[in-house]
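Shown next: my_file-v8.csv, containing CSV, C-alpha atoms and all ligand atoms.
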chain,number,residue,atom,x,y,z
L,1,MET,CA,12.4,6.9,10.9
L,2,ALA,CA,9.9,4.2,11.8
L,3,MET,CA,6.6,5.5,13.1
L,4,GLY,CA,3.1,4.2,13.9
L,5,THR,CA,1.7,0.7,14.3
L,6,PRO,CA,-0.6,-1.7,12.4
L,7,ASN,CA,-3.3,-0.8,15.0
L,8,ASP,CA,-3.2,2.9,14.0
L,9,VAL,CA,-4.1,1.9,10.4
L,10,LEU,CA,-6.7,-0.6,11.5
L,11,GLN,CA,-8.4,2.0,13.8
L,12,ALA,CA,-8.5,4.6,11.0
L,13,MET,CA,-10.1,2.0,8.8
L,14,ARG,CA,-12.7,1.1,11.4
L,15,ASP,CA,-13.5,4.8,11.9
L,16,ALA,CA,-14.1,5.4,8.2
L,17,THR,CA,-17.1,5.0,6.0
L,18,ALA,CA,-15.7,5.5,2.5
L,19,ILE,CA,-12.1,4.3,1.9
L,20,VAL,CA,-10.0,4.7,-1.2
L,21,VAL,CA,-6.7,2.8,-1.5
L,22,SER,CA,-4.1,4.1,-3.9
L,23,SER,CA,-0.4,4.2,-4.9
L,24,GLN,CA,1.7,6.0,-7.5
L,25,SER,CA,1.8,4.7,-11.0
L,26,PRO,CA,3.3,2.7,-12.6
L,27,LEU,CA,2.1,0.2,-10.0
L,28,ASP,CA,4.5,-2.6,-9.1
L,29,GLY,CA,4.0,-6.1,-7.6
L,30,ASP,CA,4.0,-4.7,-4.0
L,31,SER,CA,1.5,-1.9,-4.6
L,32,VAL,CA,-0.8,-4.0,-6.8
L,33,GLY,CA,-0.7,-6.9,-4.2
L,34,SER,CA,-1.2,-4.6,-1.2
L,35,GLU,CA,-4.2,-2.8,-2.8
L,36,LEU,CA,-5.8,-6.1,-3.9
L,37,ALA,CA,-5.3,-7.7,-0.5
L,38,LEU,CA,-6.9,-4.6,1.2
L,39,LEU,CA,-9.9,-5.0,-1.1
L,40,HIS,CA,-10.2,-8.7,-0.4
L,41,LEU,CA,-9.9,-8.1,3.4
L,42,ALA,CA,-12.2,-5.1,3.4
L,43,SER,CA,-15.2,-6.7,5.1
L,44,GLN,CA,-13.0,-7.9,7.9
L,45,LEU,CA,-10.8,-4.8,8.4
L,46,ALA,CA,-13.4,-2.1,7.8
L,47,PRO,CA,-16.8,-3.6,8.2
L,48,ASN,CA,-18.5,-0.2,8.2
L,49,ALA,CA,-16.9,1.2,5.1
L,50,THR,CA,-16.9,0.8,1.3
L,51,VAL,CA,-13.4,0.2,0.1
L,52,ARG,CA,-12.2,1.0,-3.4
L,53,ALA,CA,-8.8,1.0,-5.0
L,54,ILE,CA,-8.2,3.9,-7.4
L,55,ASN,CA,-5.0,4.8,-9.2
L,56,GLU,CA,-3.8,7.1,-11.9
L,57,ALA,CA,-3.2,4.3,-14.4
L,58,ALA,CA,-4.1,0.6,-14.9
L,59,PRO,CA,-1.8,-2.0,-13.3
L,60,PRO,CA,0.8,-3.7,-15.6
L,61,ARG,CA,-0.7,-6.6,-17.6
L,62,LEU,CA,1.6,-9.0,-15.8
L,63,TYR,CA,-0.7,-8.9,-12.8
L,64,GLY,CA,-3.8,-9.6,-14.8
L,65,PHE,CA,-4.0,-13.2,-13.3
L,66,LEU,CA,-4.5,-12.0,-9.8
L,67,PRO,CA,-8.1,-12.5,-8.6
L,68,GLY,CA,-10.0,-9.2,-8.3
L,69,ILE,CA,-7.6,-7.2,-10.5
L,70,GLU,CA,-10.5,-5.9,-12.5
L,71,ARG,CA,-11.6,-4.0,-9.4
L,72,LEU,CA,-8.7,-1.6,-9.6
L,73,GLU,CA,-10.1,1.6,-10.9
L,74,ILE,CA,-8.6,4.6,-12.7
L,75,LEU,CA,-9.1,8.3,-11.8
L,76,GLY,CA,-8.3,10.3,-15.0
L,77,PRO,CA,-6.9,13.8,-14.7
L,78,ASN,CA,-10.3,15.3,-15.4
L,79,ASP,CA,-12.4,12.8,-13.4
L,80,GLU,CA,-14.1,13.8,-10.2
L,81,ALA,CA,-13.1,11.7,-7.1
L,82,PRO,CA,-15.9,9.9,-5.2
L,83,PRO,CA,-16.8,11.1,-1.7
L,84,THR,CA,-14.1,9.6,0.5
L,85,ASP,CA,-13.2,10.1,4.2
L,86,LEU,CA,-10.0,8.0,4.2
L,87,LEU,CA,-7.3,7.8,1.6
L,88,ILE,CA,-4.9,4.9,2.3
L,89,VAL,CA,-1.7,5.5,0.3
L,90,VAL,CA,0.3,2.3,0.1
L,91,ASP,CA,3.9,1.6,-0.8
L,92,CYS,CA,4.6,5.3,-1.5
L,93,GLY,CA,7.4,7.3,0.1
L,94,ASP,CA,6.4,10.7,-1.2
L,95,LEU,CA,3.0,12.1,-2.3
L,96,ASP,CA,4.9,14.0,-5.1
L,97,ARG,CA,5.3,10.7,-6.9
L,98,PHE,CA,1.7,11.1,-7.9
L,99,ASP,CA,0.7,13.4,-10.7
L,100,TYR,CA,-2.6,14.6,-9.3
L,101,LEU,CA,-4.6,12.0,-7.5
L,102,PRO,CA,-4.0,13.0,-3.8
L,103,SER,CA,-5.1,16.6,-4.6
L,104,ARG,CA,-8.6,15.2,-5.5
L,105,PHE,CA,-9.0,13.8,-2.1
L,106,ARG,CA,-8.3,16.9,0.0
L,107,ASP,CA,-11.2,16.3,2.4
L,108,ALA,CA,-10.1,12.8,3.3
L,109,ARG,CA,-7.8,11.8,6.1
L,110,VAL,CA,-4.6,10.3,4.7
L,111,VAL,CA,-3.0,7.1,5.8
L,112,ASN,CA,0.7,6.7,5.0
L,113,LEU,CA,1.2,2.9,4.9
L,114,ASP,CA,4.7,2.3,3.6
L,115,HIS,CA,8.2,0.8,4.1
L,116,HIS,CA,10.5,3.2,2.2
L,117,GLN,CA,13.5,4.6,4.0
L,118,SER,CA,13.0,7.8,2.1
L,119,ASN,CA,9.4,8.3,3.4
L,120,THR,CA,8.6,12.0,3.9
L,121,GLY,CA,6.2,11.4,6.8
L,122,PHE,CA,3.2,12.8,4.9
L,123,GLY,CA,-0.4,12.1,6.0
L,124,ASP,CA,-2.5,12.1,9.1
L,125,VAL,CA,-2.1,8.5,10.2
L,126,HIS,CA,1.2,6.7,9.7
L,127,TRP,CA,2.7,3.2,9.8
L,128,VAL,CA,6.1,3.5,8.1
L,129,ALA,CA,8.1,0.3,8.7
L,130,GLU,CA,11.3,0.6,6.9
L,131,THR,CA,12.7,-2.7,8.3
L,132,LEU,CA,9.9,-4.6,6.6
L,133,ALA,CA,10.6,-5.9,3.1
L,134,SER,CA,7.2,-5.0,1.6
L,135,THR,CA,4.0,-3.2,2.2
L,136,GLY,CA,2.5,-6.6,1.5
L,137,GLU,CA,4.0,-7.7,4.8
L,138,GLN,CA,2.5,-4.7,6.5
L,139,VAL,CA,-1.0,-5.6,5.2
L,140,ALA,CA,-0.5,-9.2,6.4
L,141,ARG,CA,0.4,-7.8,9.9
L,142,ILE,CA,-2.7,-5.6,9.9
L,143,ALA,CA,-4.8,-8.6,9.0
L,144,GLU,CA,-3.2,-10.6,11.8
L,145,VAL,CA,-3.8,-7.8,14.4
L,146,ALA,CA,-7.4,-7.7,13.2
L,147,GLY,CA,-7.8,-11.4,13.6
L,148,ALA,CA,-8.8,-11.6,9.9
L,149,THR,CA,-8.9,-14.8,7.9
L,150,LEU,CA,-6.8,-14.8,4.8
L,151,ASP,CA,-8.7,-16.3,1.9
L,152,ARG,CA,-6.8,-17.5,-1.2
L,153,PRO,CA,-7.3,-14.4,-3.3
L,154,ALA,CA,-5.9,-12.2,-0.5
L,155,ALA,CA,-3.1,-14.6,0.1
L,156,GLU,CA,-2.1,-14.7,-3.6
L,157,ALA,CA,-2.1,-10.9,-3.7
L,158,LEU,CA,0.2,-10.7,-0.6
L,159,TYR,CA,2.5,-13.4,-2.0
L,160,ALA,CA,2.9,-11.4,-5.3
L,161,ALA,CA,3.7,-8.3,-3.2
L,162,ILE,CA,6.3,-10.1,-1.1
L,163,VAL,CA,7.9,-12.0,-3.9
L,164,PHE,CA,8.3,-8.8,-5.9
L,165,ASP,CA,9.9,-6.7,-3.2
L,166,THR,CA,12.2,-9.5,-1.9
L,167,GLY,CA,13.4,-10.7,-5.3
L,168,ARG,CA,11.8,-14.1,-4.6
L,169,PHE,CA,13.0,-14.2,-1.1
L,170,ALA,CA,16.6,-13.4,-2.1
L,171,TYR,CA,17.4,-9.8,-1.2
L,172,SER,CA,18.8,-8.7,2.2
L,173,ASN,CA,15.4,-7.4,3.3
L,174,THR,CA,14.1,-11.0,3.4
L,175,SER,CA,13.7,-11.8,7.2
L,176,ALA,CA,12.5,-14.7,9.2
L,177,GLU,CA,9.3,-12.8,9.6
L,178,THR,CA,9.0,-12.5,5.8
L,179,LEU,CA,9.2,-16.3,5.6
L,180,ARG,CA,6.8,-16.8,8.5
L,181,ILE,CA,4.2,-14.6,6.7
L,182,ALA,CA,4.9,-16.5,3.5
L,183,ALA,CA,4.1,-19.7,5.3
L,184,THR,CA,0.7,-18.4,6.4
L,185,LEU,CA,0.1,-17.5,2.7
L,186,LEU,CA,0.9,-21.1,1.6
L,187,ASP,CA,-1.4,-22.3,4.4
L,188,ALA,CA,-4.1,-20.1,2.8
L,189,GLY,CA,-3.8,-21.9,-0.5
L,190,VAL,CA,-1.0,-20.1,-2.4
L,191,ARG,CA,0.8,-22.5,-4.9
L,192,PRO,CA,4.4,-21.1,-5.3
L,193,GLU,CA,5.0,-22.8,-8.6
L,194,ALA,CA,1.8,-21.4,-10.1
L,195,MET,CA,2.7,-17.9,-8.9
L,196,TYR,CA,6.3,-18.3,-10.3
L,197,ARG,CA,4.9,-19.3,-13.7
L,198,GLU,CA,2.6,-16.3,-13.8
L,199,LEU,CA,5.1,-13.7,-12.5
L,200,PHE,CA,8.4,-14.9,-14.0
L,201,ARG,CA,7.8,-17.4,-16.8
L,202,SER,CA,5.2,-15.3,-18.7
L,203,ARG,CA,7.5,-12.9,-20.6
L,204,SER,CA,6.9,-11.7,-24.1
L,205,PRO,CA,9.2,-12.2,-27.1
L,206,ALA,CA,9.8,-8.4,-27.0
L,207,SER,CA,11.1,-8.6,-23.4
L,208,LEU,CA,13.6,-11.3,-24.3
L,209,GLN,CA,14.7,-9.3,-27.4
L,210,LEU,CA,15.2,-6.2,-25.2
L,211,THR,CA,17.2,-8.2,-22.7
L,212,GLY,CA,19.5,-9.3,-25.5
L,213,LEU,CA,19.9,-5.8,-26.7
L,214,ALA,CA,20.6,-4.6,-23.1
L,215,LEU,CA,23.3,-7.3,-22.6
L,216,SER,CA,25.0,-6.3,-25.9
L,217,ARG,CA,25.1,-2.7,-24.7
L,218,ILE,CA,26.2,-3.1,-21.1
L,219,ARG,CA,28.9,-0.6,-19.9
L,220,TYR,CA,31.1,-0.7,-16.8
L,221,ASN,CA,33.0,1.6,-14.7
L,222,ASP,CA,36.8,1.3,-14.4
L,223,ALA,CA,36.6,-0.7,-11.2
L,224,ARG,CA,34.1,-3.1,-12.8
L,225,ASP,CA,31.8,-2.9,-9.8
L,226,ALA,CA,29.1,-0.8,-11.5
L,227,ALA,CA,27.3,-1.5,-14.7
L,228,TRP,CA,24.6,0.4,-16.7
L,229,VAL,CA,22.4,0.1,-19.7
L,230,ALA,CA,20.3,2.7,-21.5
L,231,ILE,CA,17.2,1.9,-23.5
L,232,ARG,CA,15.7,4.4,-26.0
L,233,THR,CA,12.1,4.8,-26.9
L,234,THR,CA,13.2,3.7,-30.4
L,235,ASP,CA,14.5,0.4,-29.0
L,236,LEU,CA,11.0,-0.3,-27.6
L,237,GLU,CA,9.4,0.5,-30.9
L,238,GLU,CA,11.8,-1.7,-32.8
L,239,ALA,CA,11.2,-4.6,-30.4
L,240,GLY,CA,7.5,-4.0,-30.4
L,241,GLY,CA,7.6,-3.8,-26.6
L,242,GLY,CA,6.7,-1.4,-23.8
L,243,TYR,CA,8.2,-0.2,-20.5
L,244,GLU,CA,6.8,-3.2,-18.7
L,245,ASP,CA,9.0,-5.5,-20.8
L,246,LEU,CA,12.0,-3.8,-19.0
L,247,GLU,CA,10.7,-4.8,-15.5
L,248,ASP,CA,13.5,-7.1,-14.5
L,249,LEU,CA,16.3,-5.8,-16.7
L,250,VAL,CA,18.1,-3.8,-14.0
L,251,ASN,CA,18.8,-7.0,-12.1
L,252,VAL,CA,20.6,-8.8,-14.9
L,253,PRO,CA,24.0,-7.1,-14.5
L,254,MET,CA,23.9,-7.9,-10.8
L,255,ALA,CA,24.5,-11.6,-11.7
L,256,LEU,CA,28.2,-10.7,-12.3
L,257,ARG,CA,30.6,-11.6,-9.5
L,258,GLY,CA,31.7,-8.5,-7.7
L,259,MET,CA,29.0,-6.3,-9.2
L,260,GLU,CA,27.9,-3.7,-6.7
L,261,VAL,CA,25.7,-1.2,-8.5
L,262,SER,CA,23.4,-1.6,-11.6
L,263,LEU,CA,21.6,1.3,-13.4
L,264,LEU,CA,19.0,1.0,-16.0
L,265,PHE,CA,18.1,4.2,-17.9
L,266,LYS,CA,14.8,4.2,-19.7
L,267,GLU,CA,14.2,7.1,-22.1
L,268,LEU,CA,10.7,8.6,-21.8
L,269,PRO,CA,8.6,9.9,-24.7
L,270,ASP,CA,9.2,13.5,-23.4
L,271,GLY,CA,13.0,13.1,-23.5
L,272,ARG,CA,13.6,12.6,-19.8
L,273,ALA,CA,14.8,9.3,-18.5
L,274,LYS,CA,13.7,7.1,-15.6
L,275,VAL,CA,16.6,5.4,-13.8
L,276,SER,CA,16.3,2.2,-11.8
L,277,LEU,CA,19.1,1.5,-9.4
L,278,ARG,CA,20.1,-1.6,-7.5
L,279,SER,CA,23.0,-2.4,-5.2
L,280,ASP,CA,24.4,-5.4,-3.5
L,281,ARG,CA,26.3,-4.8,-0.3
L,282,TRP,CA,27.7,-1.4,0.5
L,283,PHE,CA,26.4,1.4,-1.8
L,284,ASP,CA,23.3,3.3,-0.7
L,285,VAL,CA,21.3,3.8,-3.9
L,286,ALA,CA,18.5,5.6,-2.1
L,287,ALA,CA,20.9,8.3,-0.9
L,288,PHE,CA,22.3,8.6,-4.4
L,289,ALA,CA,18.8,8.8,-5.9
L,290,ARG,CA,17.8,11.5,-3.5
L,291,GLY,CA,20.5,13.7,-5.0
L,292,TYR,CA,18.3,13.7,-8.2
L,293,GLY,CA,14.9,14.1,-6.5
L,294,GLY,CA,14.3,10.3,-6.4
L,295,GLY,CA,14.3,7.8,-3.5
L,296,GLY,CA,13.6,4.3,-2.4
L,297,HIS,CA,15.5,1.7,-0.5
L,298,VAL,CA,19.2,1.3,0.3
L,299,ARG,CA,19.4,-1.6,-2.2
L,300,ALA,CA,16.7,-0.6,-4.7
L,301,ALA,CA,15.8,3.0,-5.7
L,302,GLY,CA,14.6,5.1,-8.6
L,303,MET,CA,14.8,8.6,-10.0
L,304,THR,CA,14.1,10.7,-13.1
L,305,VAL,CA,16.7,12.7,-14.9
L,306,PRO,CA,16.1,15.5,-17.5
L,307,GLY,CA,17.9,14.1,-20.6
L,308,PRO,CA,18.9,14.1,-23.3
L,309,LEU,CA,19.7,10.5,-22.7
L,310,ASP,CA,23.4,10.4,-23.6
L,311,ARG,CA,24.2,13.4,-21.5
L,312,SER,CA,22.3,12.2,-18.5
L,313,VAL,CA,24.0,8.8,-18.7
L,314,ASP,CA,27.4,10.5,-18.7
L,315,GLU,CA,26.6,12.9,-15.9
L,316,VAL,CA,24.9,10.3,-13.6
L,317,THR,CA,27.6,7.7,-14.1
L,318,ALA,CA,30.4,10.2,-13.5
L,319,ALA,CA,28.7,11.3,-10.3
L,320,LEU,CA,28.2,7.6,-9.4
L,321,ASP,CA,31.9,7.0,-9.9
L,322,ARG,CA,32.8,9.9,-7.5
L,323,GLN,CA,30.3,8.7,-4.8
L,324,MET,CA,31.4,5.1,-5.1
L,325,ALA,CA,35.1,6.2,-4.8
L,326,ASP,CA,34.2,8.0,-1.5
L,327,THR,CA,32.4,5.0,0.0
L,328,ARG,CA,34.0,1.9,-1.5
L,329,PRO,CA,35.3,-0.3,1.3
L,330,ALA,CA,38.9,-1.6,1.2
L,331,ALA,CA,39.4,-4.8,-0.8
L,332,GLY,CA,38.8,-8.0,1.0
L,333,ARG,CA,35.8,-6.8,3.0
L,401,MN,MN,7.3,-1.9,-1.7
Please go through the file and, once you have read it, give me the structure as structure tokens.
Ligand SMILES: [Mn+2]
Amino acid sequence: MAMGTPNDVLQAMRDATAIVVSSQSPLDGDSVGSELALLHLASQLAPNATVRAINEAAPPRLYGFLPGIERLEILGPNDEAPPTDLLIVVDCGDLDRFDYLPSRFRDARVVNLDHHQSNTGFGDVHWVAETLASTGEQVARIAEVAGATLDRPAAEALYAAIVFDTGRFAYSNTSAETLRIAATLLDAGVRPEAMYRELFRSRSPASLQLTGLALSRIRYNDARDAAWVAIRTTDLEEAGGGYEDLEDLVNVPMALRGMEVSLLFKELPDGRAKVSLRSDRWFDVAAFARGYGGGGHVRAAGMTVPGPLDRSVDEVTAALDRQMADTRPAAGR
């Protein structure tokens, strides 16, 4: 359920003296962009506070071009957290997505600034806006409420966040408000073609090779409205790539006419598998992922399954078949 307002977050920031912004790792475009924008806007949003961004891991290399990216810090599992009175958790539906970081900030008030439908309602201060496409939009709204001026670094960070979560303004979560916010970002100096080059035309040879491998291995359900691909750790080794080279792969099968659900299984070094899920029109992948302890949005979700890979793929796709059969609309819809 939606709860809280931009003003609730702003007031908490104004009342604080030492703020830490964080999100679960691996970070994505929305979490990186939202954290960076809050850093760039810190003097305007929280004039009495120091603001740092601290995560469990470094951001993906892809975001290395964003101004200020070097300011994202890492708290290792054995590191001591700095004194902090406000922890702002961005773009995170459930504190359990972290390994350890929130437990190091037990004395801090916690702000839950998120847009996931599956948000658990954790924290002391909330603004959970599940109708907004990205936490980047939420940060833009907070800046607007505060009367803050967006400089180009902040605008680029927010643009990266919004572009990532809306699939470049293509998913159903793209609203008129999304585009109005994007317009203010262009007014602040964002150049769309430069952002597009950095975010989508900067792939590695390994990433193209893995895409080719994935396409050669794609499997379908009998109704041909679901597709899935499994990538092993040995595939990554052979291609000389890493998990970030798989970033956009789950979207590739969605290019097929009539495709409703796409799943990408990524084997982890410990034998489990991370599963990314996408849907087009009627299947709720967040609800499906919740059955495996995952979550997300209706059209984009994620979960982790125990492995071994082949068995997990068989079990999950069989369950998917059953759930799709229960909810598939009559032909012609
Ligand atoms: Mn998001």
Among the residues L:Gly258, L:Gly296, L:Gly68, L:Gly302, the one that comes closest to Lys274 in chain L [using all atoms listed in the file]
L:Gly302
Which residue gives the smallest distance to Gly241 in chain L among L:Val316, L:Arg224, L:Pro205, L:Arg272, with all atoms listed in the file counted?
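Ranking L:Val316, L:Arg224, L:Pro205, L:Arg272 by distance to Gly241 in chain L, first place goes to L:Pro205.
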Selection within 6 Å of ligand MN 401 (chain L) by only C-alpha atoms and all ligand atoms, output as a VMD selection string:
chain L and resid 30 91 134 to 135 165
Between CA of Thr184 in chain L and CA of Leu86 in chain L, what is the distance in Å, rounded to a tenth?
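These two atoms are separated by 28.6 Å.
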When you look at Trp228 in chain L with a cut-off of 6 Å (counting all atoms listed in the file), what residues show up, excluding the ones that are within fewer than 5 positions of it in the same chain? I need them as a list in words.
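Contacts, in chain order: Ile218, Arg219, Ser262, Leu263 and Leu264 of chain L.
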Could you list, with a cut-off of 8 Å and counting all atoms listed in the file, the residues of range 177-273 of chain L near range 280-293 of chain L, each shown with its nearest atom pair and the distance in Å rounded to one decimal, rows sorted by chain and ascending number, as a Markdown table?
| residue | atom | partner | partner_atom | distance |
| --- | --- | --- | --- | --- |
| L:Met254 | CA | L:Asp280 | CA | 7.7 |
| L:Met259 | CA | L:Asp280 | CA | 7.4 |
| L:Glu260 | CA | L:Asp280 | CA | 5.0 |
| L:Val261 | CA | L:Asp280 | CA | 6.7 |
Those same residues - C-alpha atoms - I'd like them written as a short mmCIF file (atom, residue, chain, number, x, y, z; two decimals), keeping the file's coordinate frame.
data_model
loop_
_atom_site.label_atom_id
_atom_site.label_comp_id
_atom_site.auth_asym_id
_atom_site.auth_seq_id
_atom_site.Cartn_x
_atom_site.Cartn_y
_atom_site.Cartn_z
CA MET L 254 23.90 -7.90 -10.80
CA MET L 259 29.00 -6.30 -9.20
CA GLU L 260 27.90 -3.70 -6.70
CA VAL L 261 25.70 -1.20 -8.50
#
With distances taken over only C-alpha atoms, which residue among L:Pro269, L:Gly123, L:Pro253, L:Gly242 lies nearest Gly307 in chain L?
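Distance minimum relative to Gly307 in chain L lands on L:Pro269.
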Point (0.0, 10.9, -7.0) neighbourhood (9 Å, only C-alpha atoms) written as a PyMOL selection string:
chain L and resi 22-25+55-56+94-103
Which residue out of L:Asp28, L:Asp314, L:Glu177, L:Asp114 has the minimum interatomic distance to Glu244 in chain L when all atoms listed in the file are used?
L:Asp28
Mind giving me the straight-line distance from CA of Ile19 in chain L to CA of Leu62 in chain L in Å, one decimal?
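Interatomic distance here is 26.0 Å.
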Env of Asp85 in chain L: 7 Å cut, atoms = only C-alpha atoms, seq-sep filter 4 positions within chain, self excluded. Answer as a PyMOL selection string.
chain L and resi 16-19+107-109
Residue list as a PyMOL selection string for point (24.9, 7.0, -25.4), cut-off 12 Å, all atoms listed in the file
chain L and resi 217-219+228-232+265-267+307-315+317
Across L:Thr178, L:Ser279, L:Thr234, L:Ser172, the smallest distance to Met324 in chain L, with only C-alpha atoms counted, is shown by L:Ser279
Quick one: residues within 10 Å of Ala143 in chain L, only C-alpha atoms counted, chain neighbours fewer than 3 positions away excluded, as an MDAnalysis selection string?
chainID L and resid 6:7 10 37:38 41:42 44:45 137:140 146:150
Point out the residue among L:Ser276, L:Ser34, L:Gln11, L:Thr5 with the least atom-to-atom distance to Ala154 in chain L, counting all atoms listed in the file.
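Checking each candidate against Ala154 in chain L, we get L:Ser34 as the closest.
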So the first atom is CA of Val89 in chain L and the second is CA of Ser202 in chain L; what is the distance between them in Å, to one decimal place?
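Calculated distance between CA of Val89 in chain L and CA of Ser202 in chain L is 29.0 Å.
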